[in-house]
file data-v4.tsv (TSV, N, CA and C atoms)
chain	number	residue	atom	x	y	z
A	173	MET	N	105.00	110.69	98.29
A	173	MET	CA	104.72	110.44	96.88
A	173	MET	C	105.57	109.28	96.37
A	174	ALA	N	105.07	108.65	95.36
A	174	ALA	CA	105.78	107.54	94.75
A	174	ALA	C	106.91	108.08	93.87
A	175	GLN	N	108.03	107.46	93.97
A	175	GLN	CA	109.19	107.85	93.17
A	175	GLN	C	109.61	106.66	92.31
A	176	GLY	N	110.39	106.93	91.29
A	176	GLY	CA	110.84	105.89	90.40
A	176	GLY	C	111.83	104.94	91.02
A	177	TYR	N	112.53	105.37	92.07
A	177	TYR	CA	113.52	104.49	92.68
A	177	TYR	C	112.90	103.42	93.56
A	178	SER	N	111.59	103.45	93.80
A	178	SER	CA	110.95	102.39	94.58
A	178	SER	C	111.04	101.06	93.86
A	179	ILE	N	111.12	101.09	92.53
A	179	ILE	CA	111.28	99.85	91.77
A	179	ILE	C	112.59	99.17	92.15
A	180	PHE	N	113.65	99.96	92.31
A	180	PHE	CA	114.95	99.38	92.65
A	180	PHE	C	115.01	98.93	94.10
A	181	ILE	N	114.33	99.63	94.99
A	181	ILE	CA	114.25	99.18	96.39
A	181	ILE	C	113.51	97.85	96.45
A	182	GLY	N	112.41	97.75	95.70
A	182	GLY	CA	111.68	96.48	95.64
A	182	GLY	C	112.52	95.38	95.04
A	183	LEU	N	113.32	95.70	94.04
A	183	LEU	CA	114.18	94.70	93.41
A	183	LEU	C	115.21	94.17	94.40
A	184	VAL	N	115.78	95.04	95.22
A	184	VAL	CA	116.76	94.60	96.22
A	184	VAL	C	116.09	93.66	97.23
A	185	ILE	N	114.87	94.00	97.64
A	185	ILE	CA	114.14	93.15	98.59
A	185	ILE	C	113.83	91.80	97.95
A	186	ILE	N	113.43	91.80	96.69
A	186	ILE	CA	113.10	90.56	95.99
A	186	ILE	C	114.34	89.69	95.82
A	187	VAL	N	115.46	90.29	95.49
A	187	VAL	CA	116.70	89.52	95.36
A	187	VAL	C	117.08	88.89	96.70
A	188	ALA	N	116.92	89.65	97.79
A	188	ALA	CA	117.22	89.11	99.11
A	188	ALA	C	116.28	87.94	99.45
A	189	LEU	N	115.00	88.07	99.11
A	189	LEU	CA	114.06	86.97	99.36
A	189	LEU	C	114.39	85.74	98.51
A	190	CYS	N	114.81	85.96	97.28
A	190	CYS	CA	115.19	84.83	96.42
A	190	CYS	C	116.43	84.12	96.94
A	191	VAL	N	117.41	84.87	97.39
A	191	VAL	CA	118.62	84.27	97.96
A	191	VAL	C	118.27	83.51	99.24
A	192	ALA	N	117.41	84.09	100.07
A	192	ALA	CA	116.99	83.41	101.30
A	192	ALA	C	116.24	82.12	100.99
A	193	SER	N	115.36	82.16	99.99
A	193	SER	CA	114.62	80.95	99.66
A	193	SER	C	115.53	79.89	99.04
A	194	TRP	N	116.60	80.31	98.40
A	194	TRP	CA	117.57	79.35	97.84
A	194	TRP	C	118.28	78.60	98.96
A	195	PHE	N	118.74	79.34	99.97
A	195	PHE	CA	119.51	78.71	101.03
A	195	PHE	C	118.65	78.10	102.14
A	196	LEU	N	117.44	78.58	102.34
A	196	LEU	CA	116.61	78.11	103.43
A	196	LEU	C	115.53	77.12	102.99
A	197	SER	N	115.58	76.69	101.75
A	197	SER	CA	114.59	75.71	101.30
A	197	SER	C	114.85	74.38	102.00
A	198	PRO	N	113.77	73.64	102.29
A	198	PRO	CA	113.93	72.39	103.02
A	198	PRO	C	114.78	71.38	102.24
A	199	LYS	N	115.69	70.76	102.93
A	199	LYS	CA	116.57	69.76	102.31
A	199	LYS	C	115.77	68.48	102.11
A	200	GLY	N	116.13	67.76	101.10
A	200	GLY	CA	115.47	66.49	100.87
A	200	GLY	C	115.25	66.21	99.40
A	201	GLU	N	114.33	65.31	99.17
A	201	GLU	CA	114.08	64.82	97.82
A	201	GLU	C	113.49	65.89	96.91
A	202	HIS	N	112.71	66.80	97.47
A	202	HIS	CA	112.01	67.81	96.66
A	202	HIS	C	112.61	69.21	96.82
A	203	GLN	N	113.89	69.30	97.08
A	203	GLN	CA	114.51	70.61	97.31
A	203	GLN	C	114.47	71.48	96.06
A	204	VAL	N	114.70	70.90	94.91
A	204	VAL	CA	114.67	71.67	93.66
A	204	VAL	C	113.27	72.19	93.38
A	205	LEU	N	112.27	71.38	93.66
A	205	LEU	CA	110.88	71.81	93.47
A	205	LEU	C	110.54	72.96	94.40
A	206	TRP	N	110.96	72.89	95.66
A	206	TRP	CA	110.73	73.98	96.60
A	206	TRP	C	111.41	75.26	96.15
A	207	ARG	N	112.68	75.15	95.77
A	207	ARG	CA	113.43	76.33	95.33
A	207	ARG	C	112.78	76.97	94.11
A	208	SER	N	112.46	76.16	93.13
A	208	SER	CA	111.86	76.68	91.90
A	208	SER	C	110.52	77.35	92.17
A	209	SER	N	109.70	76.70	92.98
A	209	SER	CA	108.37	77.25	93.27
A	209	SER	C	108.46	78.56	94.03
A	210	LEU	N	109.31	78.63	95.03
A	210	LEU	CA	109.45	79.85	95.82
A	210	LEU	C	109.99	81.01	94.99
A	211	ILE	N	111.05	80.77	94.26
A	211	ILE	CA	111.67	81.83	93.48
A	211	ILE	C	110.74	82.29	92.35
A	212	LEU	N	110.07	81.35	91.70
A	212	LEU	CA	109.15	81.70	90.63
A	212	LEU	C	107.98	82.51	91.15
A	213	SER	N	107.44	82.15	92.30
A	213	SER	CA	106.30	82.92	92.84
A	213	SER	C	106.74	84.30	93.32
A	214	ILE	N	107.92	84.41	93.92
A	214	ILE	CA	108.42	85.72	94.36
A	214	ILE	C	108.64	86.64	93.17
A	215	VAL	N	109.27	86.13	92.14
A	215	VAL	CA	109.55	86.95	90.95
A	215	VAL	C	108.25	87.33	90.24
A	216	SER	N	107.30	86.41	90.18
A	216	SER	CA	106.01	86.72	89.54
A	216	SER	C	105.27	87.81	90.28
A	217	CYS	N	105.26	87.75	91.61
A	217	CYS	CA	104.61	88.79	92.41
A	217	CYS	C	105.29	90.14	92.19
A	218	TYR	N	106.63	90.15	92.14
A	218	TYR	CA	107.35	91.40	91.91
A	218	TYR	C	107.03	91.98	90.54
A	219	LEU	N	107.00	91.14	89.51
A	219	LEU	CA	106.70	91.63	88.17
A	219	LEU	C	105.29	92.21	88.09
A	220	MET	N	104.34	91.56	88.73
A	220	MET	CA	102.97	92.08	88.72
A	220	MET	C	102.92	93.42	89.43
A	221	TRP	N	103.57	93.53	90.57
A	221	TRP	CA	103.59	94.79	91.31
A	221	TRP	C	104.29	95.88	90.49
A	222	ALA	N	105.44	95.55	89.90
A	222	ALA	CA	106.21	96.55	89.15
A	222	ALA	C	105.44	97.06	87.93
A	223	ILE	N	104.78	96.17	87.22
A	223	ILE	CA	104.01	96.60	86.05
A	223	ILE	C	102.86	97.50	86.46
A	224	THR	N	102.16	97.13	87.53
A	224	THR	CA	101.05	97.94	88.01
A	224	THR	C	101.55	99.29	88.52
A	225	PHE	N	102.65	99.30	89.25
A	225	PHE	CA	103.22	100.53	89.79
A	225	PHE	C	103.66	101.47	88.68
A	226	LEU	N	104.37	100.95	87.69
A	226	LEU	CA	104.85	101.79	86.60
A	226	LEU	C	103.70	102.30	85.73
A	227	ALA	N	102.64	101.51	85.58
A	227	ALA	CA	101.49	101.96	84.80
A	227	ALA	C	100.81	103.14	85.49
A	228	GLN	N	100.83	103.18	86.81
A	228	GLN	CA	100.23	104.29	87.53
A	228	GLN	C	101.19	105.47	87.65
A	229	LEU	N	102.49	105.20	87.64
A	229	LEU	CA	103.48	106.26	87.77
A	229	LEU	C	103.55	107.10	86.49
A	230	HIS	N	103.48	106.44	85.33
A	230	HIS	CA	103.53	107.12	84.04
A	230	HIS	C	102.38	106.62	83.16
A	231	PRO	N	101.18	107.15	83.37
A	231	PRO	CA	100.04	106.66	82.58
A	231	PRO	C	100.16	107.05	81.11
A	232	LEU	N	99.64	106.19	80.25
A	232	LEU	CA	99.69	106.47	78.81
A	232	LEU	C	98.58	107.41	78.39
A	233	ILE	N	97.45	107.36	79.07
A	233	ILE	CA	96.30	108.19	78.74
A	233	ILE	C	96.05	109.15	79.89
A	234	GLU	N	95.93	110.44	79.56
A	234	GLU	CA	95.66	111.44	80.58
A	234	GLU	C	94.17	111.47	80.88
A	235	PRO	N	93.79	111.32	82.15
A	235	PRO	CA	92.37	111.34	82.47
A	235	PRO	C	91.75	112.72	82.23
A	236	ARG	N	90.50	112.74	81.78
A	236	ARG	CA	89.77	113.98	81.53
A	236	ARG	C	88.44	113.94	82.25
A	237	ARG	N	88.03	115.06	82.78
A	237	ARG	CA	86.73	115.13	83.44
A	237	ARG	C	85.64	115.31	82.40
A	238	SER	N	84.57	114.58	82.57
A	238	SER	CA	83.47	114.68	81.61
A	238	SER	C	82.26	115.38	82.21
A	239	ASP	N	82.36	115.79	83.47
A	239	ASP	CA	81.20	116.40	84.12
A	239	ASP	C	81.26	117.94	84.14
A	240	LEU	N	82.18	118.53	83.36
A	240	LEU	CA	82.30	119.98	83.32
A	240	LEU	C	81.40	120.57	82.24
A	241	ARG	N	80.95	121.77	82.47
A	241	ARG	CA	80.17	122.48	81.45
A	241	ARG	C	81.10	122.90	80.32
A	242	PRO	N	80.59	123.06	79.11
A	242	PRO	CA	81.43	123.38	77.95
A	242	PRO	C	82.26	124.66	78.11
A	243	GLU	N	81.76	125.65	78.84
A	243	GLU	CA	82.54	126.89	78.96
A	243	GLU	C	83.77	126.74	79.87
A	244	PHE	N	83.82	125.67	80.65
A	244	PHE	CA	84.99	125.44	81.51
A	244	PHE	C	85.99	124.47	80.91
A	245	LEU	N	85.68	123.89	79.77
A	245	LEU	CA	86.60	122.98	79.12
A	245	LEU	C	87.74	123.76	78.47
A	246	GLU	N	88.91	123.22	78.47
A	246	GLU	CA	90.05	123.91	77.88
A	246	GLU	C	90.20	123.56	76.43
call {"tool": "encode", "arguments": {"input": "data-v4.tsv", "output": "structure tokens"}}
result
Amino acid sequence: MAQGYSIFIGLVIIVALCVASWFLSPKGEHQVLWRSSLILSIVSCYLMWAITFLAQLHPLIEPRRSDLRPEFLE
């Protein structure tokens, strides 16, 4: 089952990837562009995943079945 601490495990992995992309980016004229692009894309992917994960972990609207007969509805 999904737990709330998976967000923090993902955050640790993302921080490690960002640090790796900082130090392993190709040296040269466009090093800042490479670093910015890699870190921005990694963080954007993490934010999209985290928002989707948290929306499913704690939904705002409780799903209801609509195919039940009236006598079985609560």
call {"tool": "closest_residue", "arguments": {"input": "data-v4.tsv", "among": "A:Gln203, A:Leu229, A:Ser208, A:Ile223", "to": "A:Gln175", "atoms": "all atoms listed in the file"}}
result
A:Leu229
call {"tool": "select_by_dssp", "arguments": {"input": "data-v4.tsv", "residues": "stretch 181-234 of chain A", "states": "alpha helix (DSSP H)", "output": "PyMOL selection string"}}
result
chain A and resi 181-196+203-229
call {"tool": "atom_distance", "arguments": {"input": "data-v4.tsv", "atom1": "atom N of A:Ile186", "atom2": "atom CA of A:Thr224"}}
result
16.3 Å
call {"tool": "closest_residue", "arguments": {"input": "data-v4.tsv", "among": "A:Val215, A:His230, A:Tyr177, A:Arg241", "to": "A:Cys190", "atoms": "only C-alpha atoms"}}
result
A:Val215
call {"tool": "atom_distance", "arguments": {"input": "data-v4.tsv", "atom1": "atom CA of A:Arg237", "atom2": "atom CA of A:Phe225"}}
result
22.9 Å
call {"tool": "atom_distance", "arguments": {"input": "data-v4.tsv", "atom1": "atom CA of A:Gln228", "atom2": "atom CA of A:Ile214"}}
result
21.4 Å
call {"tool": "closest_residue", "arguments": {"input": "data-v4.tsv", "among": "A:Leu226, A:Leu232, A:Leu205, A:Leu219", "to": "A:Leu183", "atoms": "only C-alpha atoms"}}
result
A:Leu219
call {"tool": "closest_residue", "arguments": {"input": "data-v4.tsv", "among": "A:Glu243, A:Ile179, A:Ser193, A:Tyr218", "to": "A:Trp206", "atoms": "only N, CA and C atoms"}}
result
A:Ser193
